[in-house]
>>> print(open('data-v4.cif').read())   # mmCIF, C-alpha atoms
data_final
loop_
_atom_site.label_atom_id
_atom_site.label_comp_id
_atom_site.auth_asym_id
_atom_site.auth_seq_id
_atom_site.Cartn_x
_atom_site.Cartn_y
_atom_site.Cartn_z
CA MET A 1 95.20 112.01 136.46
CA GLU A 2 95.78 109.41 133.83
CA TYR A 3 95.95 112.16 131.22
CA LEU A 4 98.38 114.25 133.24
CA ASN A 5 100.62 111.26 133.78
CA LEU A 6 100.66 110.45 130.07
CA PHE A 7 101.31 114.11 129.25
CA VAL A 8 104.29 114.46 131.58
CA ARG A 9 105.68 111.08 130.61
CA SER A 10 105.51 111.83 126.90
CA ILE A 11 107.32 115.14 127.33
CA PHE A 12 110.14 114.08 129.62
CA VAL A 13 110.43 110.33 130.05
CA ASP A 14 109.50 109.06 126.59
CA ASN A 15 111.02 112.08 124.89
CA MET A 16 110.96 111.53 121.13
CA ILE A 17 114.55 112.66 120.68
CA PHE A 18 116.38 111.54 123.78
CA ALA A 19 114.66 108.25 124.42
CA TYR A 20 113.79 107.09 120.89
CA PHE A 21 115.97 109.13 118.52
CA LEU A 22 112.96 110.06 116.40
CA GLY A 23 113.12 113.01 114.05
CA MET A 24 116.88 113.11 114.38
CA CYS A 25 117.63 114.15 110.79
CA SER A 26 115.76 117.44 110.87
CA PHE A 27 116.69 117.83 114.53
CA LEU A 28 120.38 117.96 113.59
CA ALA A 29 119.91 119.86 110.33
CA VAL A 30 117.65 122.67 111.53
CA SER A 31 119.08 123.35 114.99
CA LYS A 32 121.60 126.01 114.01
CA ASN A 33 119.61 128.93 115.42
CA VAL A 34 116.81 129.18 117.93
CA LYS A 35 114.29 130.99 115.74
CA THR A 36 114.04 128.47 112.92
CA ALA A 37 114.26 125.63 115.43
CA ALA A 38 111.23 127.00 117.25
CA GLY A 39 109.36 127.33 113.94
CA LEU A 40 109.98 123.70 113.06
CA GLY A 41 109.08 122.65 116.59
CA VAL A 42 105.71 124.38 116.37
CA ALA A 43 105.05 122.80 112.98
CA VAL A 44 105.82 119.34 114.38
CA ILE A 45 103.48 119.85 117.36
CA PHE A 46 100.75 120.97 115.00
CA VAL A 47 101.07 118.09 112.54
CA LEU A 48 101.27 115.55 115.38
CA LEU A 49 98.11 117.02 116.92
CA VAL A 50 96.22 116.61 113.65
CA THR A 51 97.52 113.26 112.41
CA LEU A 52 97.55 111.25 115.63
CA PRO A 53 93.81 111.37 116.37
CA ILE A 54 93.01 110.61 112.73
CA ASN A 55 95.38 107.66 112.71
CA TYR A 56 93.96 106.57 116.05
CA LEU A 57 90.43 106.45 114.64
CA LEU A 58 91.64 104.65 111.51
CA ASN A 59 93.47 102.12 113.63
CA GLU A 60 90.46 101.64 115.90
CA TYR A 61 87.81 101.29 113.21
CA VAL A 62 89.66 99.92 110.18
CA LEU A 63 93.05 98.41 110.90
CA LYS A 64 92.99 96.59 114.25
CA PRO A 65 92.15 92.87 114.28
CA GLY A 66 88.34 92.78 114.48
CA ALA A 67 88.09 96.53 113.99
CA LEU A 68 85.78 96.15 111.01
CA SER A 69 83.08 94.38 113.02
CA TRP A 70 80.88 97.50 112.76
CA LEU A 71 80.41 96.54 109.10
CA GLY A 72 78.68 93.28 110.02
CA GLU A 73 79.24 89.85 111.55
CA GLY A 74 81.32 88.58 108.64
CA PHE A 75 84.02 91.16 109.14
CA ALA A 76 84.69 90.35 112.80
CA THR A 77 87.78 88.27 112.03
CA VAL A 78 89.36 90.58 109.43
CA ASP A 79 92.84 91.77 110.42
CA LEU A 80 94.20 94.61 108.31
CA SER A 81 97.00 95.62 110.66
CA PHE A 82 99.65 94.78 108.06
CA LEU A 83 98.36 97.77 106.08
CA SER A 84 99.00 100.21 108.89
CA PHE A 85 102.37 101.54 107.63
CA ILE A 86 101.02 102.53 104.26
CA ILE A 87 97.78 103.98 105.64
CA PHE A 88 99.55 106.00 108.33
CA ILE A 89 102.11 107.44 105.96
CA ALA A 90 99.42 108.24 103.39
CA VAL A 91 97.39 110.09 106.03
CA ILE A 92 100.47 111.98 107.19
CA ALA A 93 101.52 112.97 103.67
CA ALA A 94 97.99 114.05 102.80
CA ILE A 95 97.50 116.03 106.02
CA VAL A 96 100.82 117.78 105.61
CA GLN A 97 99.84 118.75 102.08
CA ILE A 98 96.43 120.04 103.24
CA VAL A 99 97.87 121.88 106.22
CA GLU A 100 100.37 123.52 103.89
CA MET A 101 97.62 124.72 101.56
CA VAL A 102 95.37 125.94 104.39
CA VAL A 103 98.16 127.81 106.12
CA GLU A 104 99.25 129.38 102.84
CA LYS A 105 95.69 130.56 102.15
CA PHE A 106 94.68 131.88 105.57
CA SER A 107 97.91 132.88 107.23
CA PRO A 108 100.62 133.86 104.76
CA ALA A 109 102.77 135.25 107.57
CA LEU A 110 102.91 131.91 109.37
CA TYR A 111 103.43 130.17 106.05
CA SER A 112 106.47 132.19 105.16
CA SER A 113 107.95 131.74 108.62
CA LEU A 114 107.53 127.95 108.49
CA GLY A 115 108.46 127.89 104.82
CA ILE A 116 110.29 124.79 103.73
CA PHE A 117 109.81 122.95 107.00
CA LEU A 118 106.17 122.15 106.44
CA PRO A 119 106.58 119.79 103.46
CA LEU A 120 109.66 118.25 105.11
CA ILE A 121 107.59 117.16 108.07
CA ALA A 122 105.93 114.43 106.00
CA VAL A 123 109.18 112.48 106.21
CA ASN A 124 109.98 113.38 109.80
CA CYS A 125 110.30 110.12 111.75
CA ALA A 126 108.80 111.72 114.84
CA ILE A 127 105.41 111.97 113.14
CA LEU A 128 105.22 108.40 111.84
CA GLY A 129 106.88 107.21 115.04
CA GLY A 130 104.17 108.93 117.06
CA SER A 131 101.49 107.04 115.15
CA LEU A 132 103.29 103.71 115.47
CA PHE A 133 103.85 104.16 119.21
CA MET A 134 100.21 105.17 119.56
CA GLN A 135 99.25 101.90 117.87
CA GLN A 136 101.57 99.96 120.16
CA LYS A 137 100.38 101.65 123.35
CA ASP A 138 96.76 100.85 122.55
CA PHE A 139 95.15 103.96 124.04
CA ALA A 140 91.65 103.76 125.46
CA ASN A 141 90.15 106.74 123.61
CA VAL A 142 90.82 109.62 121.23
CA GLY A 143 91.51 112.00 124.11
CA MET A 144 94.49 109.93 125.19
CA SER A 145 95.95 110.01 121.70
CA LEU A 146 95.46 113.79 121.58
CA VAL A 147 97.26 114.22 124.90
CA TYR A 148 100.05 111.94 123.72
CA ALA A 149 100.39 113.97 120.52
CA LEU A 150 100.61 117.24 122.44
CA GLY A 151 103.09 115.83 124.94
CA SER A 152 105.46 114.25 122.47
CA GLY A 153 105.28 117.29 120.22
CA LEU A 154 106.16 119.57 123.12
CA GLY A 155 108.99 117.24 124.08
CA TRP A 156 110.39 117.47 120.55
CA PHE A 157 109.98 121.25 120.58
CA LEU A 158 111.83 121.55 123.89
CA ALA A 159 114.64 119.34 122.66
CA ILE A 160 115.23 121.17 119.38
CA VAL A 161 115.04 124.63 120.93
CA SER A 162 117.48 123.75 123.69
CA LEU A 163 119.91 122.12 121.27
CA ALA A 164 119.74 125.17 119.01
CA ALA A 165 120.48 127.42 122.00
CA ILE A 166 123.48 125.30 122.95
CA ARG A 167 124.78 125.29 119.38
CA GLU A 168 124.54 129.07 119.17
CA LYS A 169 126.85 129.26 122.19
CA LEU A 170 129.09 126.49 120.86
CA ALA A 171 129.97 128.64 117.88
CA TYR A 172 132.19 130.73 120.16
CA SER A 173 134.03 127.87 121.83
CA LYS A 174 137.21 126.14 120.81
CA VAL A 175 136.42 122.69 119.44
CA PRO A 176 139.00 120.32 117.89
CA ALA A 177 138.90 120.76 114.11
CA ALA A 178 137.73 117.23 113.39
CA LEU A 179 134.92 117.43 115.93
CA LYS A 180 133.53 120.73 114.67
CA GLY A 181 129.94 120.70 113.47
CA LEU A 182 128.52 117.22 113.37
CA GLY A 183 130.79 115.45 115.86
CA ILE A 184 130.38 117.87 118.72
CA THR A 185 126.65 118.06 118.06
CA PHE A 186 126.31 114.29 118.46
CA ILE A 187 128.19 114.38 121.73
CA THR A 188 126.17 117.36 122.97
CA VAL A 189 122.92 115.55 122.19
CA GLY A 190 124.26 112.49 124.01
CA LEU A 191 125.02 114.53 127.11
CA MET A 192 121.61 116.22 126.94
CA GLY A 193 120.06 112.77 126.67
CA MET A 194 121.87 111.71 129.84
CA ALA A 195 120.44 114.75 131.61
CA PHE A 196 116.96 113.79 130.42
CA MET A 197 117.50 110.27 131.76
CA THR A 198 117.08 111.67 135.26
CA PHE A 199 113.36 111.96 134.55
CA MET A 200 113.14 108.20 134.13
CA GLY A 201 110.65 106.50 136.40
CA ILE A 202 108.61 109.61 137.10
CA SER A 203 104.91 108.94 137.38
CA ILE A 204 102.15 111.10 138.73
CA MET B 205 131.94 102.27 83.00
CA ASN B 206 133.40 99.75 85.41
CA ALA B 207 135.22 102.43 87.32
CA LYS B 208 131.97 104.34 87.57
CA ILE B 209 130.15 101.35 89.04
CA LYS B 210 132.97 100.80 91.49
CA GLU B 211 132.75 104.46 92.49
CA THR B 212 128.97 104.18 92.96
CA LEU B 213 129.46 101.14 95.15
CA LEU B 214 132.41 102.26 97.26
CA ASN B 215 131.78 105.96 97.73
CA PRO B 216 128.79 105.63 100.09
CA ILE B 217 130.61 103.15 102.28
CA PHE B 218 133.53 105.34 103.33
CA LYS B 219 133.95 108.75 101.75
CA GLY B 220 130.30 109.66 101.37
CA ASN B 221 128.90 107.58 104.18
CA PRO B 222 125.21 108.38 104.62
CA ILE B 223 125.39 108.60 108.40
CA THR B 224 128.68 110.29 109.17
CA VAL B 225 128.95 112.53 106.13
CA LEU B 226 125.48 113.12 104.72
CA VAL B 227 123.80 112.95 108.18
CA LEU B 228 120.90 110.89 106.88
CA GLY B 229 118.97 108.16 108.61
CA ILE B 230 120.14 108.74 112.14
CA CYS B 231 116.60 108.48 113.43
CA SER B 232 116.16 104.75 113.28
CA SER B 233 119.82 103.81 113.37
CA LEU B 234 120.69 104.41 116.99
CA ALA B 235 117.92 102.65 118.81
CA VAL B 236 118.58 99.34 117.10
CA THR B 237 122.25 99.13 118.03
CA VAL B 238 121.90 97.63 121.49
CA THR B 239 122.62 94.16 120.10
CA LEU B 240 124.56 93.06 117.02
CA LYS B 241 121.74 90.77 115.96
CA GLY B 242 119.23 93.60 115.84
CA ALA B 243 121.69 95.81 113.97
CA LEU B 244 122.35 93.06 111.42
CA VAL B 245 118.65 92.50 110.73
CA MET B 246 118.11 96.25 110.45
CA THR B 247 121.05 96.56 108.05
CA LEU B 248 119.76 93.82 105.77
CA SER B 249 116.23 95.28 105.82
CA VAL B 250 117.50 98.73 104.90
CA ILE B 251 119.70 97.36 102.10
CA VAL B 252 116.74 95.51 100.61
CA VAL B 253 114.40 98.49 100.91
CA THR B 254 116.81 101.12 99.55
CA GLY B 255 118.01 98.86 96.72
CA ILE B 256 114.64 97.75 95.44
CA SER B 257 112.77 101.00 95.93
CA SER B 258 115.54 102.90 94.13
CA LEU B 259 115.23 100.38 91.30
CA ILE B 260 111.44 100.71 91.08
CA LEU B 261 111.42 104.50 91.23
CA SER B 262 114.22 104.71 88.72
CA LEU B 263 112.11 102.63 86.33
CA LEU B 264 109.16 104.96 86.95
CA ARG B 265 111.18 108.17 86.91
CA ASN B 266 109.91 109.45 83.55
CA THR B 267 106.25 108.82 84.32
CA ILE B 268 105.95 110.49 87.75
CA PRO B 269 104.78 114.13 87.68
CA SER B 270 107.17 116.00 89.96
CA ARG B 271 104.34 117.60 92.00
CA VAL B 272 103.16 114.30 93.44
CA ARG B 273 106.49 112.53 93.54
CA ILE B 274 106.82 112.55 97.33
CA ILE B 275 103.58 110.60 97.71
CA VAL B 276 104.55 108.13 94.99
CA GLN B 277 107.92 107.59 96.65
CA LEU B 278 106.30 107.10 100.04
CA VAL B 279 103.88 104.54 98.63
CA VAL B 280 106.62 102.49 96.96
CA VAL B 281 108.86 102.63 100.02
CA ALA B 282 105.99 101.80 102.37
CA MET B 283 105.10 98.79 100.23
CA MET B 284 108.68 97.51 100.40
CA VAL B 285 108.79 98.02 104.17
CA ILE B 286 105.52 96.13 104.60
CA LEU B 287 107.00 93.23 102.60
CA VAL B 288 110.15 93.20 104.72
CA ASP B 289 108.11 93.39 107.92
CA GLN B 290 105.86 90.52 106.87
CA VAL B 291 108.87 88.38 105.90
CA LEU B 292 110.51 89.05 109.27
CA LYS B 293 107.29 88.19 111.08
CA SER B 294 106.84 84.92 109.24
CA PHE B 295 109.99 83.11 110.43
CA GLU B 296 110.41 81.96 113.99
CA ALA B 297 114.06 83.01 114.16
CA THR B 298 113.41 86.56 113.02
CA TYR B 299 110.04 87.05 114.75
CA ALA B 300 111.64 87.79 118.11
CA ILE B 301 113.99 90.32 116.53
CA ASP B 302 111.07 91.95 114.72
CA LYS B 303 109.35 92.33 118.10
CA GLN B 304 112.54 93.74 119.60
CA LEU B 305 112.98 96.28 116.80
CA SER B 306 109.29 97.20 117.27
CA VAL B 307 108.44 100.45 115.51
CA TYR B 308 111.87 100.92 114.00
CA ILE B 309 111.22 98.55 111.10
CA GLY B 310 108.19 100.67 110.21
CA LEU B 311 110.30 103.78 110.52
CA ILE B 312 112.49 102.67 107.61
CA ILE B 313 109.75 104.37 105.56
CA THR B 314 110.77 107.75 106.86
CA ASN B 315 114.45 106.87 106.99
CA CYS B 316 116.03 109.79 105.23
CA ILE B 317 118.53 107.53 103.45
CA VAL B 318 115.82 105.87 101.39
CA MET B 319 114.06 109.09 100.43
CA GLY B 320 117.32 111.01 100.10
CA ARG B 321 118.88 108.56 97.66
CA ILE B 322 115.69 108.35 95.63
CA GLU B 323 115.48 112.12 95.37
CA ALA B 324 119.17 112.67 94.76
CA PHE B 325 120.06 109.69 92.60
CA ALA B 326 117.33 107.32 91.45
CA LEU B 327 115.12 109.98 89.87
CA GLY B 328 117.95 111.05 87.58
CA ASN B 329 119.71 107.82 86.74
CA LYS B 330 119.17 104.52 84.96
CA PRO B 331 117.77 101.56 86.95
CA TRP B 332 120.97 99.52 87.34
CA PRO B 333 123.21 102.27 88.79
CA SER B 334 120.28 103.36 90.97
CA PHE B 335 119.94 99.86 92.37
CA LEU B 336 123.67 99.71 93.12
CA ASP B 337 123.56 103.16 94.70
CA GLY B 338 120.68 102.08 96.92
CA VAL B 339 122.44 98.90 98.00
CA ALA B 340 125.74 100.68 98.62
CA ASN B 341 124.09 103.37 100.72
CA GLY B 342 122.28 100.72 102.71
CA ALA B 343 125.61 99.01 103.25
CA GLY B 344 127.34 102.24 104.30
CA TYR B 345 124.56 102.80 106.81
CA GLY B 346 124.87 99.20 107.99
CA LEU B 347 128.61 99.47 108.48
CA ILE B 348 128.22 102.30 111.01
CA LEU B 349 125.32 100.45 112.64
CA LEU B 350 127.42 97.32 113.10
CA VAL B 351 130.41 99.21 114.48
CA VAL B 352 128.22 101.01 117.03
CA ALA B 353 126.39 97.80 117.91
CA PHE B 354 129.69 95.93 118.31
CA PHE B 355 130.90 98.32 121.00
CA ARG B 356 127.52 98.65 122.68
CA GLU B 357 126.92 94.93 122.95
CA LEU B 358 130.51 94.13 123.94
CA LEU B 359 130.74 96.81 126.64
CA GLY B 360 127.10 96.86 127.64
CA SER B 361 126.34 93.17 128.00
CA GLY B 362 129.79 91.61 127.56
CA THR B 363 128.55 89.51 124.65
CA LEU B 364 128.75 89.38 120.85
CA PHE B 365 125.74 87.94 119.00
CA GLY B 366 124.56 86.73 122.41
CA VAL B 367 127.76 84.73 123.03
CA ASP B 368 129.53 85.57 126.26
CA ILE B 369 132.94 87.16 125.61
CA LEU B 370 133.93 89.45 128.45
CA CYS B 371 131.84 88.34 131.45
CA ARG B 372 133.77 85.12 131.89
CA PHE B 373 136.82 87.22 132.74
CA GLY B 374 134.89 88.93 135.51
CA TYR B 375 133.85 91.97 133.43
CA VAL B 376 131.12 94.00 135.11
CA THR B 377 128.65 95.12 132.47
CA ASN B 378 128.32 98.85 131.93
CA ASN B 379 124.66 99.83 131.81
CA LEU B 380 125.41 103.32 130.58
CA VAL B 381 126.46 101.84 127.24
CA ILE B 382 123.03 100.31 126.75
CA LEU B 383 121.24 103.59 127.39
CA PRO B 384 120.40 105.65 124.27
CA PRO B 385 122.69 108.66 124.89
CA PHE B 386 125.81 106.53 124.66
CA ALA B 387 125.05 105.61 121.06
CA LEU B 388 125.20 109.29 120.16
CA ILE B 389 128.49 109.80 121.95
CA LEU B 390 129.92 106.74 120.21
CA LEU B 391 128.73 108.08 116.88
CA GLY B 392 130.32 111.43 117.69
CA CYS B 393 133.62 109.62 118.26
CA ILE B 394 133.29 107.75 114.95
CA VAL B 395 132.74 111.07 113.16
CA TRP B 396 135.75 112.46 115.01
CA ILE B 397 138.00 109.61 113.91
CA GLN B 398 136.78 109.74 110.31
CA ARG B 399 137.30 113.48 110.06
CA SER B 400 140.76 113.30 111.60
CA VAL B 401 141.72 110.94 108.79
CA GLN B 402 139.85 112.68 105.98
CA LYS B 403 140.73 116.29 106.59
CA ASP B 404 138.66 117.55 103.65
CA LEU B 405 135.44 116.67 105.51
CA GLN B 406 136.14 119.00 108.41
CA GLU B 407 133.69 121.85 108.89
CA LYS B 408 134.90 125.40 109.12
#
>>> encode(input="data-v4.cif", output="structure tokens")
Amino acid sequence: MEYLNLFVRSIFVDNMIFAYFLGMCSFLAVSKNVKTAAGLGVAVIFVLLVTLPINYLLNEYVLKPGALSWLGEGFATVDLSFLSFIIFIAVIAAIVQIVEMVVEKFSPALYSSLGIFLPLIAVNCAILGGSLFMQQKDFANVGMSLVYALGSGLGWFLAIVSLAAIREKLAYSKVPAALKGLGITFITVGLMGMAFMTFMGISI
Amino acid sequence: MNAKIKETLLNPIFKGNPITVLVLGICSSLAVTVTLKGALVMTLSVIVVTGISSLILSLLRNTIPSRVRIIVQLVVVAMMVILVDQVLKSFEATYAIDKQLSVYIGLIITNCIVMGRIEAFALGNKPWPSFLDGVANGAGYGLILLVVAFFRELLGSGTLFGVDILCRFGYVTNNLVILPPFALILLGCIVWIQRSVQKDLQEK
């Protein structure tokens, strides 16, 4: 039950895009057509699923105050949490690099369809944001962090695919010249965000 | 030479504004604009991080092999962000704001402005212009942040910097303005105004 609640909440209520504005840059840049948007969405889900549990374990056994106590009595008071930014981003950059190489080797078709998006994900705020929120939420075990990763990834995927679909339709509508492109996209995302606000307060 | 420096400094603030023209760094910018105080702290942090990391990477630009440059950039930026975060945490006045900004200080690492300016400018230019470019882009980002925060705090809580302005005249605060989607709509309007004035920025 706890897992289901977290899952639903992370997709709809704590949606990465509409509630926290994470991953906005690529969200706006790559949402011009549904196909590429879906590709990027899948890549984000995948990278979140791999990096979050790893960062969770690192946080639990290395970074948290007192996390190093498994090394011996003397380490019980060590607090390395100030290092978490650099460790998280290093893990993310490394994982993205490895994932890129593995995908290129074993599934060239998937590699060419994801193409440039894979390396870009290293600097996608949604990924680092996921790790930082995970640290803040203080999950009880790895399973929770995995569920959170899947949920927030799916939320991001849903958001980018639906925005891309709306933008494809927008191309045929009459928009004031100065609002074309970026301006109308911002306002559209704002309105979508308002729609997503209706999920607020849901708990299972 | 002087004209060039002036151009480097002024261009990012209006004509080539990182948020409204280059569409960089939207991720972390919108969530911190609920209050002017938060926006101001965020602005200063971003200026420091972009300025100094541009300077450092510009000094290193001839020694970094281009294959691993993303990781090197991330490490330098992450180090600067850790410094900023620790400084904010160490003063009583800024500690509360650091708590309020929560993960968004950490997300400066993946703020596209920092990485974007390093990639586009610092790796190809001398240290001093790179530093100025970093600072100016941070300032251009901050300008938009402060404008958005001004309206959101004034209309949303009737205050400016926590000082009551509108409520004493019987203004009923508008909670919609505090919610995330409104920031996007406001930003859309700013883009609209800017593009009505600068016709050359309009998209076809």
>>> closest_residue(input="data-v4.cif", among="B:Pro384, B:Asn329, B:Val351, B:Thr314", to="Asn124 in chain A", atoms="all atoms listed in the file")
B:Thr314
>>> residues_near_point(input="data-v4.cif", point="(119.8, 126.5, 121.4)", cutoff="12 Å", atoms="all atoms listed in the file", output="NGL selection string")
:A and (27-28 or 30-38 or 157-171 or 185 or 188-189 or 192)
>>> residues_near_point(input="data-v4.cif", point="(131.6, 99.1, 107.8)", cutoff="12 Å", atoms="all atoms listed in the file", output="tab-separated table (two decimals) with C-alpha atoms, in the frame of the given file")
chain	number	residue	atom	x	y	z
B	214	LEU	CA	132.41	102.26	97.26
B	216	PRO	CA	128.79	105.63	100.09
B	217	ILE	CA	130.61	103.15	102.28
B	218	PHE	CA	133.53	105.34	103.33
B	219	LYS	CA	133.95	108.75	101.75
B	221	ASN	CA	128.90	107.58	104.18
B	222	PRO	CA	125.21	108.38	104.62
B	223	ILE	CA	125.39	108.60	108.40
B	224	THR	CA	128.68	110.29	109.17
B	244	LEU	CA	122.35	93.06	111.42
B	247	THR	CA	121.05	96.56	108.05
B	340	ALA	CA	125.74	100.68	98.62
B	341	ASN	CA	124.09	103.37	100.72
B	342	GLY	CA	122.28	100.72	102.71
B	343	ALA	CA	125.61	99.01	103.25
B	344	GLY	CA	127.34	102.24	104.30
B	345	TYR	CA	124.56	102.80	106.81
B	346	GLY	CA	124.87	99.20	107.99
B	347	LEU	CA	128.61	99.47	108.48
B	348	ILE	CA	128.22	102.30	111.01
B	349	LEU	CA	125.32	100.45	112.64
B	350	LEU	CA	127.42	97.32	113.10
B	351	VAL	CA	130.41	99.21	114.48
B	352	VAL	CA	128.22	101.01	117.03
B	353	ALA	CA	126.39	97.80	117.91
B	354	PHE	CA	129.69	95.93	118.31
B	394	ILE	CA	133.29	107.75	114.95
>>> resolve_selection(input="data-v4.cif", expression="the PyMOL selection byres ((chain A) within 6 of (chain B))", output="list in words")
Phe21, Leu22, Gly23, Met24, Ile86, Val123, Cys125, Ala178, Leu179, Lys180, Gly183, Phe186, Ile187, Gly190, Gly193 and Met194 of chain A
>>> write_last_selection(input="data-v4.cif", atoms="C-alpha atoms", output="compact mmCIF listing (two decimals), keeping the file's coordinate frame")
# COMPACT_ATOMS: atom_id res chain seq x y z
CA PHE A 21 115.97 109.13 118.52
CA LEU A 22 112.96 110.06 116.40
CA GLY A 23 113.12 113.01 114.05
CA MET A 24 116.88 113.11 114.38
CA ILE A 86 101.02 102.53 104.26
CA VAL A 123 109.18 112.48 106.21
CA CYS A 125 110.30 110.12 111.75
CA ALA A 178 137.73 117.23 113.39
CA LEU A 179 134.92 117.43 115.93
CA LYS A 180 133.53 120.73 114.67
CA GLY A 183 130.79 115.45 115.86
CA PHE A 186 126.31 114.29 118.46
CA ILE A 187 128.19 114.38 121.73
CA GLY A 190 124.26 112.49 124.01
CA GLY A 193 120.06 112.77 126.67
CA MET A 194 121.87 111.71 129.84
>>> atom_distance(input="data-v4.cif", atom1="CA of Ile268 in chain B", atom2="CA of Trp332 in chain B")
18.6 Å
